[in-house]
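S.K.: coords_24.cif is reproduced in full below (mmCIF, C-alpha atoms).
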data_coords
#
loop_
_atom_site.group_PDB
_atom_site.id
_atom_site.type_symbol
_atom_site.label_atom_id
_atom_site.label_comp_id
_atom_site.auth_asym_id
_atom_site.auth_seq_id
_atom_site.Cartn_x
_atom_site.Cartn_y
_atom_site.Cartn_z
ATOM 1 C CA MET A 213 18.282 -22.746 -31.449
ATOM 2 C CA ALA A 214 16.102 -23.719 -34.392
ATOM 3 C CA THR A 215 13.057 -21.557 -34.912
ATOM 4 C CA THR A 216 9.952 -21.422 -37.037
ATOM 5 C CA ARG A 217 9.492 -18.008 -38.596
ATOM 6 C CA ALA A 218 6.323 -16.277 -37.511
ATOM 7 C CA ALA A 219 3.804 -16.245 -40.282
ATOM 8 C CA ARG A 220 3.402 -13.000 -42.136
ATOM 9 C CA GLY A 221 0.369 -10.872 -41.472
ATOM 10 C CA SER A 222 -0.661 -9.813 -37.964
ATOM 11 C CA ALA A 223 2.050 -8.618 -35.593
ATOM 12 C CA PRO A 224 3.605 -11.401 -33.482
ATOM 13 C CA LEU A 225 2.697 -11.652 -29.805
ATOM 14 C CA ALA A 226 5.223 -11.912 -26.982
ATOM 15 C CA ALA A 227 4.454 -15.116 -25.097
ATOM 16 C CA TYR A 228 5.523 -17.826 -22.666
ATOM 17 C CA VAL A 229 4.366 -21.453 -22.646
ATOM 18 C CA LEU A 230 2.581 -22.150 -19.354
ATOM 19 C CA HIS A 231 1.496 -25.719 -20.072
ATOM 20 C CA ARG A 232 1.172 -28.201 -22.936
ATOM 21 C CA TYR A 233 -1.303 -31.016 -23.543
ATOM 22 C CA ASP A 234 -1.325 -33.833 -26.098
ATOM 23 C CA TRP A 235 -3.942 -33.156 -28.769
ATOM 24 C CA SER A 236 -3.147 -35.925 -31.227
ATOM 25 C CA GLU A 237 -0.225 -38.138 -32.141
ATOM 26 C CA SER A 238 1.528 -35.186 -33.777
ATOM 27 C CA SER A 239 -0.010 -32.039 -32.251
ATOM 28 C CA LEU A 240 -0.251 -30.158 -28.955
ATOM 29 C CA ILE A 241 -2.608 -27.784 -27.205
ATOM 30 C CA LEU A 242 -0.631 -25.011 -25.515
ATOM 31 C CA ASP A 243 -1.651 -22.678 -22.718
ATOM 32 C CA LEU A 244 0.213 -19.454 -23.531
ATOM 33 C CA PHE A 245 0.640 -16.304 -21.460
ATOM 34 C CA THR A 246 0.854 -13.442 -23.945
ATOM 35 C CA ARG A 247 1.568 -9.794 -23.260
ATOM 36 C CA GLU A 248 -1.043 -8.499 -25.670
ATOM 37 C CA GLN A 249 -3.948 -10.927 -25.213
ATOM 38 C CA GLY A 250 -3.391 -12.482 -21.790
ATOM 39 C CA ARG A 251 -3.775 -16.223 -21.383
ATOM 40 C CA VAL A 252 -4.784 -18.043 -24.569
ATOM 41 C CA ALA A 253 -5.114 -21.643 -25.734
ATOM 42 C CA VAL A 254 -3.557 -22.538 -29.073
ATOM 43 C CA ALA A 255 -3.249 -25.663 -31.198
ATOM 44 C CA ALA A 256 0.297 -26.389 -32.368
ATOM 45 C CA LYS A 257 -0.251 -28.736 -35.291
ATOM 46 C CA GLY A 258 2.609 -31.099 -36.024
ATOM 47 C CA ALA A 259 4.669 -29.837 -33.065
ATOM 48 C CA LYS A 260 5.368 -33.386 -31.826
ATOM 49 C CA ARG A 261 6.792 -34.623 -35.106
ATOM 50 C CA PRO A 262 10.496 -35.574 -34.815
ATOM 51 C CA TYR A 263 11.663 -32.989 -37.344
ATOM 52 C CA SER A 264 9.323 -30.151 -36.366
ATOM 53 C CA GLN A 265 11.255 -26.949 -35.705
ATOM 54 C CA LEU A 266 8.615 -26.066 -33.112
ATOM 55 C CA ARG A 267 9.968 -28.759 -30.760
ATOM 56 C CA SER A 268 12.955 -26.577 -29.839
ATOM 57 C CA VAL A 269 10.884 -23.379 -29.561
ATOM 58 C CA LEU A 270 7.796 -24.307 -27.520
ATOM 59 C CA LEU A 271 9.601 -24.703 -24.188
ATOM 60 C CA PRO A 272 8.578 -23.412 -20.745
ATOM 61 C CA PHE A 273 10.205 -20.275 -19.297
ATOM 62 C CA GLN A 274 11.536 -19.146 -22.683
ATOM 63 C CA ARG A 275 10.220 -15.937 -24.224
ATOM 64 C CA ILE A 276 8.854 -16.509 -27.711
ATOM 65 C CA HIS A 277 7.037 -14.563 -30.404
ATOM 66 C CA VAL A 278 3.959 -16.236 -31.840
ATOM 67 C CA ASN A 279 1.510 -15.612 -34.661
ATOM 68 C CA LEU A 280 -1.995 -16.928 -34.141
ATOM 69 C CA GLY A 281 -4.684 -17.783 -36.662
ATOM 70 C CA ARG A 282 -8.379 -18.411 -36.339
ATOM 71 C CA ALA A 283 -9.887 -20.858 -33.887
ATOM 72 C CA ALA A 284 -8.980 -24.482 -34.442
ATOM 73 C CA ARG A 285 -11.686 -27.013 -35.328
ATOM 74 C CA ASP A 286 -11.838 -28.579 -31.919
ATOM 75 C CA GLU A 287 -15.294 -29.447 -30.663
ATOM 76 C CA THR A 288 -14.156 -29.464 -27.033
ATOM 77 C CA SER A 289 -12.464 -26.038 -27.104
ATOM 78 C CA SER A 290 -14.144 -23.459 -29.311
ATOM 79 C CA ASP A 291 -11.727 -20.735 -28.187
ATOM 80 C CA VAL A 292 -8.567 -22.622 -29.207
ATOM 81 C CA GLN A 293 -6.636 -20.649 -31.816
ATOM 82 C CA THR A 294 -4.236 -22.100 -34.350
ATOM 83 C CA LEU A 295 -0.524 -21.475 -33.918
ATOM 84 C CA ARG A 296 0.713 -20.226 -37.299
ATOM 85 C CA GLY A 297 4.329 -19.656 -36.302
ATOM 86 C CA ALA A 298 6.706 -19.220 -33.381
ATOM 87 C CA GLU A 299 10.201 -17.852 -32.851
ATOM 88 C CA TRP A 300 12.491 -17.890 -29.854
ATOM 89 C CA ALA A 301 12.859 -14.318 -28.585
ATOM 90 C CA GLY A 302 15.955 -14.781 -26.431
ATOM 91 C CA GLY A 303 16.165 -14.928 -22.685
ATOM 92 C CA ALA A 304 17.807 -16.586 -19.723
ATOM 93 C CA ALA A 305 19.036 -20.167 -19.553
ATOM 94 C CA MET A 306 16.560 -22.947 -18.755
ATOM 95 C CA LEU A 307 15.619 -23.294 -15.106
ATOM 96 C CA THR A 308 16.878 -26.352 -13.227
ATOM 97 C CA GLY A 309 16.558 -27.877 -9.761
ATOM 98 C CA ALA A 310 14.576 -25.909 -7.192
ATOM 99 C CA ALA A 311 14.245 -23.001 -9.626
ATOM 100 C CA LEU A 312 12.378 -25.311 -11.999
ATOM 101 C CA PHE A 313 9.767 -26.101 -9.329
ATOM 102 C CA SER A 314 9.417 -22.397 -8.554
ATOM 103 C CA GLY A 315 8.886 -21.658 -12.238
ATOM 104 C CA PHE A 316 6.166 -24.286 -12.539
ATOM 105 C CA TYR A 317 4.583 -22.812 -9.395
ATOM 106 C CA LEU A 318 4.324 -19.412 -11.098
ATOM 107 C CA ASN A 319 2.854 -21.052 -14.196
ATOM 108 C CA GLU A 320 0.232 -22.880 -12.168
ATOM 109 C CA LEU A 321 -0.769 -19.670 -10.387
ATOM 110 C CA LEU A 322 -1.250 -17.902 -13.712
ATOM 111 C CA MET A 323 -3.278 -20.751 -15.161
ATOM 112 C CA LYS A 324 -5.624 -20.977 -12.183
ATOM 113 C CA LEU A 325 -6.037 -17.298 -11.276
ATOM 114 C CA LEU A 326 -6.071 -15.608 -14.696
ATOM 115 C CA ALA A 327 -9.127 -15.678 -16.929
ATOM 116 C CA ARG A 328 -8.523 -16.279 -20.615
ATOM 117 C CA HIS A 329 -8.160 -13.277 -22.937
ATOM 118 C CA ASP A 330 -7.659 -10.874 -20.019
ATOM 119 C CA PRO A 331 -4.372 -9.059 -20.744
ATOM 120 C CA HIS A 332 -2.170 -7.802 -17.900
ATOM 121 C CA THR A 333 0.930 -6.231 -19.413
ATOM 122 C CA ALA A 334 2.417 -5.300 -16.016
ATOM 123 C CA LEU A 335 1.982 -8.888 -14.805
ATOM 124 C CA PHE A 336 3.565 -10.246 -17.987
ATOM 125 C CA ASP A 337 6.573 -7.983 -17.461
ATOM 126 C CA ALA A 338 6.789 -9.031 -13.799
ATOM 127 C CA TYR A 339 6.728 -12.706 -14.817
ATOM 128 C CA ALA A 340 9.498 -12.143 -17.380
ATOM 129 C CA ALA A 341 11.635 -10.356 -14.775
ATOM 130 C CA THR A 342 10.961 -12.937 -12.039
ATOM 131 C CA LEU A 343 12.072 -16.004 -14.010
ATOM 132 C CA PRO A 344 15.821 -15.183 -14.021
ATOM 133 C CA ALA A 345 15.607 -14.213 -10.334
ATOM 134 C CA LEU A 346 14.519 -17.783 -9.498
ATOM 135 C CA ALA A 347 17.971 -19.052 -10.504
ATOM 136 C CA GLU A 348 19.800 -16.818 -7.995
ATOM 137 C CA ALA A 349 22.083 -18.571 -5.509
ATOM 138 C CA ASP A 350 20.775 -16.355 -2.691
ATOM 139 C CA ASP A 351 17.744 -18.080 -1.112
ATOM 140 C CA VAL A 352 16.504 -14.795 0.373
ATOM 141 C CA ALA A 353 16.523 -13.166 -3.070
ATOM 142 C CA VAL A 354 14.573 -16.099 -4.531
ATOM 143 C CA GLU A 355 11.953 -15.989 -1.764
ATOM 144 C CA ALA A 356 11.615 -12.228 -2.175
ATOM 145 C CA ALA A 357 11.104 -12.680 -5.921
ATOM 146 C CA LEU A 358 8.357 -15.248 -5.320
ATOM 147 C CA ARG A 359 6.535 -13.123 -2.763
ATOM 148 C CA ALA A 360 6.779 -10.033 -4.981
ATOM 149 C CA PHE A 361 5.264 -11.939 -7.894
ATOM 150 C CA GLU A 362 2.431 -13.286 -5.726
ATOM 151 C CA LEU A 363 1.619 -9.756 -4.564
ATOM 152 C CA THR A 364 1.712 -8.432 -8.122
ATOM 153 C CA LEU A 365 -0.566 -11.221 -9.341
ATOM 154 C CA LEU A 366 -3.118 -10.689 -6.554
ATOM 155 C CA GLN A 367 -3.079 -6.939 -7.181
ATOM 156 C CA GLN A 368 -3.492 -7.338 -10.949
ATOM 157 C CA VAL A 369 -6.484 -9.684 -10.647
ATOM 158 C CA GLY A 370 -8.103 -7.281 -8.186
ATOM 159 C CA VAL A 371 -8.198 -9.324 -4.972
ATOM 160 C CA LEU A 372 -5.458 -7.621 -2.944
ATOM 161 C CA PRO A 373 -6.657 -4.903 -0.564
ATOM 162 C CA ASP A 374 -4.806 -1.652 0.054
ATOM 163 C CA LEU A 375 -2.086 -2.868 2.415
ATOM 164 C CA SER A 376 -1.579 0.542 3.971
ATOM 165 C CA VAL A 377 -5.153 0.706 5.328
ATOM 166 C CA ASP A 378 -6.835 -1.310 8.079
ATOM 167 C CA THR A 379 -9.686 -2.894 6.128
ATOM 168 C CA GLN A 380 -12.079 -2.936 9.085
ATOM 169 C CA THR A 381 -11.544 0.588 10.399
ATOM 170 C CA GLN A 382 -10.480 2.208 7.104
ATOM 171 C CA GLU A 383 -7.758 3.994 9.062
ATOM 172 C CA PRO A 384 -4.091 4.026 7.962
ATOM 173 C CA VAL A 385 -2.088 1.221 9.525
ATOM 174 C CA ARG A 386 0.108 2.230 12.456
ATOM 175 C CA PRO A 387 3.853 1.656 11.878
ATOM 176 C CA GLY A 388 4.500 -0.106 15.175
ATOM 177 C CA ALA A 389 1.327 -2.203 15.222
ATOM 178 C CA ARG A 390 1.003 -5.854 14.156
ATOM 179 C CA TYR A 391 -1.386 -6.878 11.393
ATOM 180 C CA ALA A 392 -2.634 -10.008 9.667
ATOM 181 C CA LEU A 393 -3.641 -10.265 6.013
ATOM 182 C CA LEU A 394 -6.741 -12.451 5.893
ATOM 183 C CA PRO A 395 -8.502 -13.776 2.772
ATOM 184 C CA GLU A 396 -11.940 -12.424 3.698
ATOM 185 C CA SER A 397 -11.156 -9.647 6.198
ATOM 186 C CA GLY A 398 -8.184 -7.999 4.480
ATOM 187 C CA VAL A 399 -5.695 -6.134 6.671
ATOM 188 C CA THR A 400 -6.735 -6.497 10.284
ATOM 189 C CA ALA A 401 -5.181 -6.328 13.738
ATOM 190 C CA ALA A 402 -3.203 -9.500 14.414
ATOM 191 C CA ARG A 403 -3.814 -11.836 17.311
ATOM 192 C CA ALA A 404 -0.936 -12.771 19.577
ATOM 193 C CA GLU A 405 -0.499 -16.169 17.913
ATOM 194 C CA ASP A 406 -0.661 -14.870 14.322
ATOM 195 C CA ASP A 407 2.250 -14.567 11.930
ATOM 196 C CA ALA A 408 2.097 -10.808 11.774
ATOM 197 C CA LEU A 409 3.259 -8.042 9.486
ATOM 198 C CA THR A 410 4.157 -4.661 10.929
ATOM 199 C CA GLY A 411 2.362 -1.556 9.765
ATOM 200 C CA GLU A 412 5.684 -0.222 8.532
ATOM 201 C CA ALA A 413 6.215 -3.312 6.355
ATOM 202 C CA LEU A 414 2.710 -3.061 4.908
ATOM 203 C CA VAL A 415 3.158 0.604 4.017
ATOM 204 C CA GLY A 416 6.424 -0.234 2.253
ATOM 205 C CA LEU A 417 4.803 -3.060 0.290
ATOM 206 C CA GLN A 418 1.884 -0.880 -0.789
ATOM 207 C CA ALA A 419 4.191 1.951 -1.857
ATOM 208 C CA ALA A 420 6.237 -0.440 -4.003
ATOM 209 C CA LEU A 421 3.085 -1.888 -5.581
ATOM 210 C CA GLU A 422 1.790 1.569 -6.457
ATOM 211 C CA HIS A 423 5.164 2.597 -7.863
ATOM 212 C CA GLY A 424 5.174 -0.468 -10.105
ATOM 213 C CA SER A 425 8.842 -1.251 -9.469
ATOM 214 C CA LEU A 426 9.453 -4.987 -9.122
ATOM 215 C CA PRO A 427 12.960 -4.551 -7.604
ATOM 216 C CA ALA A 428 11.508 -2.141 -5.026
ATOM 217 C CA LEU A 429 8.761 -4.638 -4.213
ATOM 218 C CA GLN A 430 11.278 -7.460 -3.826
ATOM 219 C CA GLN A 431 13.299 -5.265 -1.471
ATOM 220 C CA ALA A 432 10.171 -4.450 0.548
ATOM 221 C CA CYS A 433 9.388 -8.171 0.854
ATOM 222 C CA SER A 434 12.826 -9.160 2.165
ATOM 223 C CA PRO A 435 12.439 -8.094 5.845
ATOM 224 C CA CYS A 436 9.147 -9.963 6.328
ATOM 225 C CA LEU A 437 9.457 -13.093 4.185
ATOM 226 C CA ALA A 438 8.242 -15.690 6.699
ATOM 227 C CA ALA A 439 5.056 -13.868 7.726
ATOM 228 C CA LEU A 440 4.378 -12.749 4.166
ATOM 229 C CA LYS A 441 4.662 -16.312 2.838
ATOM 230 C CA THR A 442 2.127 -17.589 5.368
ATOM 231 C CA ARG A 443 -0.304 -14.747 4.758
ATOM 232 C CA LEU A 444 -0.130 -14.849 0.961
ATOM 233 C CA ARG A 445 -0.497 -18.627 0.941
ATOM 234 C CA GLY A 446 -3.798 -18.252 2.787
ATOM 235 C CA VAL A 447 -5.075 -15.571 0.397
ATOM 236 C CA ILE A 448 -4.069 -17.557 -2.689
ATOM 237 C CA GLN A 449 -5.618 -20.778 -1.385
ATOM 238 C CA HIS A 450 -8.858 -18.932 -0.627
ATOM 239 C CA HIS A 451 -9.161 -17.711 -4.203
ATOM 240 C CA LEU A 452 -8.241 -21.105 -5.619
ATOM 241 C CA GLY A 453 -11.076 -22.720 -3.699
ATOM 242 C CA SER A 454 -10.556 -26.239 -2.382
ATOM 243 C CA ALA A 455 -7.992 -27.218 -5.006
ATOM 244 C CA THR A 456 -4.403 -27.689 -3.844
ATOM 245 C CA LEU A 457 -1.693 -26.505 -6.197
ATOM 246 C CA ARG A 458 -0.048 -29.481 -7.848
ATOM 247 C CA THR A 459 3.415 -27.956 -7.535
ATOM 248 C CA ARG A 460 2.930 -27.389 -3.812
ATOM 249 C CA ARG A 461 1.733 -30.968 -3.325
ATOM 250 C CA VAL A 462 4.774 -32.353 -5.154
ATOM 251 C CA MET A 463 7.112 -30.193 -3.067
ATOM 252 C CA MET A 464 5.512 -31.423 0.168
ATOM 253 C CA GLU A 465 5.876 -35.027 -0.987
ATOM 254 C CA LEU A 466 9.549 -34.480 -1.783
ATOM 255 C CA GLN A 467 10.138 -32.851 1.602
ATOM 256 C CA GLY A 468 8.445 -35.852 3.224
ATOM 257 C CA LEU A 469 10.991 -38.148 1.596
#
Using structure tokens, write down the structure that the file contains.
M.R.:
Amino acid sequence: MATTRAARGSAPLAAYVLHRYDWSESSLILDLFTREQGRVAVAAKGAKRPYSQLRSVLLPFQRIHVNLGRAARDETSSDVQTLRGAEWAGGAAMLTGAALFSGFYLNELLMKLLARHDPHTALFDAYAATLPALAEADDVAVEAALRAFELTLLQQVGVLPDLSVDTQTQEPVRPGARYALLPESGVTAARAEDDALTGEALVGLQAALEHGSLPALQQACSPCLAALKTRLRGVIQHHLGSATLRTRRVMMELQGL
């Protein structure tokens, strides 16, 4: 793959392209997720030109190394930095089919739930490890990877309660009891009609989160995927406000067809 060598000077940043916007006839504004600086906006001047080497580098779901300069002269975005150089850093093959939608779902979550310039190295590493898992042929493995990433994201931005503790009573959850995870109430006793998580499942999820092992978290998600999906969807939607994720809306429209 053609690359543009990172400009000399400051150390390059590990990054992924989350989204791209037209800036001019020849340039782009990129929303990047970097390991060192978190989510940043950069101006890629000339990236749309037919012979620009950046065209083959600035792709979604591909790990890249970037060098950034000072803020671009853009009256609408004073925090937009200038992209000085970018190189492909290797990685898995491009996502296709359902995996592509799942990848864009992760990107949209990061863009809407992460503040700019707020680095989360553990979340960056989890994102990098989740992308290849989305291409697995095993649907259960893919769902477990998605739920594990959602949990990691909510934990990293500080909105996930301790899953091993009943939020209302502050007592440890009981292994055989049924619990709901609610956006405002946290872990609470489930009603009969609720999609419930067992205390044992919640303890396993919390232990994996504290250990920081993504494979262990994916394994802990596998036995309770249906209930976990429903519960995490509610928590995520609560923190997004009234906005509906574009990727989710597109998926629902496709299912309707």
S.K.: For Val354 of chain A, which residue out of A:Ser314, A:Ser397, A:Thr294, A:Thr410 is the nearest one, using all atoms listed in the file?
M.R.: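 Counting all atoms listed in the file, the residue closest to Val354 of chain A is A:Ser314.
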S.K.: Place a sphere of radius 12 Å on (-5.1, -2.6, -0.9) in the file coordinates and name every protein, DNA or RNA residue with an atom inside or on its surface, counting all atoms listed in the file; give the answer as number ranges by chain.
M.R.: A: 363-364, 366-368, 370-379, 382, 384-385, 393, 397-400, 414-415, 417-422
S.K.: Restricting the output to C-alpha atoms, write the selected residues as a PDB file, in the frame of the given file.
M.R.:
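Written out: again_36.pdb:
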ATOM      1  CA  LEU A 363       1.619  -9.756  -4.564  1.00  0.00           C
ATOM      2  CA  THR A 364       1.712  -8.432  -8.122  1.00  0.00           C
ATOM      3  CA  LEU A 366      -3.118 -10.689  -6.554  1.00  0.00           C
ATOM      4  CA  GLN A 367      -3.079  -6.939  -7.181  1.00  0.00           C
ATOM      5  CA  GLN A 368      -3.492  -7.338 -10.949  1.00  0.00           C
ATOM      6  CA  GLY A 370      -8.103  -7.281  -8.186  1.00  0.00           C
ATOM      7  CA  VAL A 371      -8.198  -9.324  -4.972  1.00  0.00           C
ATOM      8  CA  LEU A 372      -5.458  -7.621  -2.944  1.00  0.00           C
ATOM      9  CA  PRO A 373      -6.657  -4.903  -0.564  1.00  0.00           C
ATOM     10  CA  ASP A 374      -4.806  -1.652   0.054  1.00  0.00           C
ATOM     11  CA  LEU A 375      -2.086  -2.868   2.415  1.00  0.00           C
ATOM     12  CA  SER A 376      -1.579   0.542   3.971  1.00  0.00           C
ATOM     13  CA  VAL A 377      -5.153   0.706   5.328  1.00  0.00           C
ATOM     14  CA  ASP A 378      -6.835  -1.310   8.079  1.00  0.00           C
ATOM     15  CA  THR A 379      -9.686  -2.894   6.128  1.00  0.00           C
ATOM     16  CA  GLN A 382     -10.480   2.208   7.104  1.00  0.00           C
ATOM     17  CA  PRO A 384      -4.091   4.026   7.962  1.00  0.00           C
ATOM     18  CA  VAL A 385      -2.088   1.221   9.525  1.00  0.00           C
ATOM     19  CA  LEU A 393      -3.641 -10.265   6.013  1.00  0.00           C
ATOM     20  CA  SER A 397     -11.156  -9.647   6.198  1.00  0.00           C
ATOM     21  CA  GLY A 398      -8.184  -7.999   4.480  1.00  0.00           C
ATOM     22  CA  VAL A 399      -5.695  -6.134   6.671  1.00  0.00           C
ATOM     23  CA  THR A 400      -6.735  -6.497  10.284  1.00  0.00           C
ATOM     24  CA  LEU A 414       2.710  -3.061   4.908  1.00  0.00           C
ATOM     25  CA  VAL A 415       3.158   0.604   4.017  1.00  0.00           C
ATOM     26  CA  LEU A 417       4.803  -3.060   0.290  1.00  0.00           C
ATOM     27  CA  GLN A 418       1.884  -0.880  -0.789  1.00  0.00           C
ATOM     28  CA  ALA A 419       4.191   1.951  -1.857  1.00  0.00           C
ATOM     29  CA  ALA A 420       6.237  -0.440  -4.003  1.00  0.00           C
ATOM     30  CA  LEU A 421       3.085  -1.888  -5.581  1.00  0.00           C
ATOM     31  CA  GLU A 422       1.790   1.569  -6.457  1.00  0.00           C
TER      32      GLU A 422
END
S.K.: Measuring between only C-alpha atoms, which one of A:Val292, A:Ala334, A:Leu240, A:Ala341 shows the shortest distance to Arg275 of chain A?
M.R.: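 Going through A:Val292, A:Ala334, A:Leu240, A:Ala341 one by one, the smallest distance to Arg275 of chain A is for A:Ala341.
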S.K.: Determine the residue membership of the PyMOL selection byres ((chain A and resi 315) around 10) for the file above and supply it as a list in words.
M.R.: Leu230, Pro272, Phe273, Leu307, Thr308, Ala310, Ala311, Leu312, Phe313, Ser314, Phe316, Tyr317, Leu318, Asn319, Glu320, Tyr339, Thr342, Leu343, Pro344, Leu346, Ala347, Leu358 and Thr459 of chain A
S.K.: Between A:Gly297, A:Pro224, A:Gly388, A:Pro331, single out the one closest to Val252 of chain A, counting all atoms listed in the file.
M.R.: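 Looking only at the distances to Val252 of chain A, the closest residue turns out to be A:Pro331.
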S.K.: Give me the residues near Leu225 of chain A as a PyMOL selection string, where near means some atom within 10 Å (using only C-alpha atoms) and where sequence neighbours in that chain fewer than 4 positions away do not count.
M.R.: chain A and resi 218+245-249+276-280+298
S.K.: Here is a test: counting all atoms listed in the file, which residue of A:Asp351, A:Asp234, A:Glu412, A:Asp243 is nearest to Ala327 of chain A?
M.R.: A:Asp243
S.K.: For atom CA of Gln449 of chain A and atom CA of Met306 of chain A, determine how far apart the two atoms are, in Å to one decimal place.
M.R.: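 It comes out at 28.3 Å.
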S.K.: Would you mind reading off the distance between atom CA of Ala413 of chain A and atom CA of Leu437 of chain A, one decimal, in Å?
M.R.: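 For atom CA of Ala413 of chain A relative to atom CA of Leu437 of chain A, the distance reads 10.5 Å.
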S.K.: Expanded to explicit residues, what is the PyMOL selection byres ((chain A and resi 259) around 12) for this file, as a PyMOL selection string?
M.R.: chain A and resi 215-216+232-242+254-258+260-271+294-298
S.K.: How many Å lie between atom CA of Ala389 of chain A and atom CA of Glu405 of chain A, rounded to one decimal?
M.R.: 14.3 Å
S.K.: Tell me, as a list in words, which residues lie within 10 Å of Ala438 of chain A, counting only C-alpha atoms; anything in the same chain fewer than 4 positions away does not count.
M.R.: Glu355, Arg359, Asp407, Ala408, Leu409, Cys433, Ser434, Thr442 and Arg443 of chain A
S.K.: Find, counting only C-alpha atoms, the residue in A:Ala432, A:Ala305, A:Leu457, A:Asp406 that gets nearest to Ala345 of chain A.
M.R.: A:Ala305
S.K.: Axis-aligned box over every listed atom of segment 258-265 of chain A, padded by 3 Å per side: centre and edges in Å to one decimal, as AutoDock Vina command-line options?
M.R.:
--center_x 7.1 --center_y -31.3 --center_z -34.6 --size_x 15.1 --size_y 14.6 --size_z 11.5
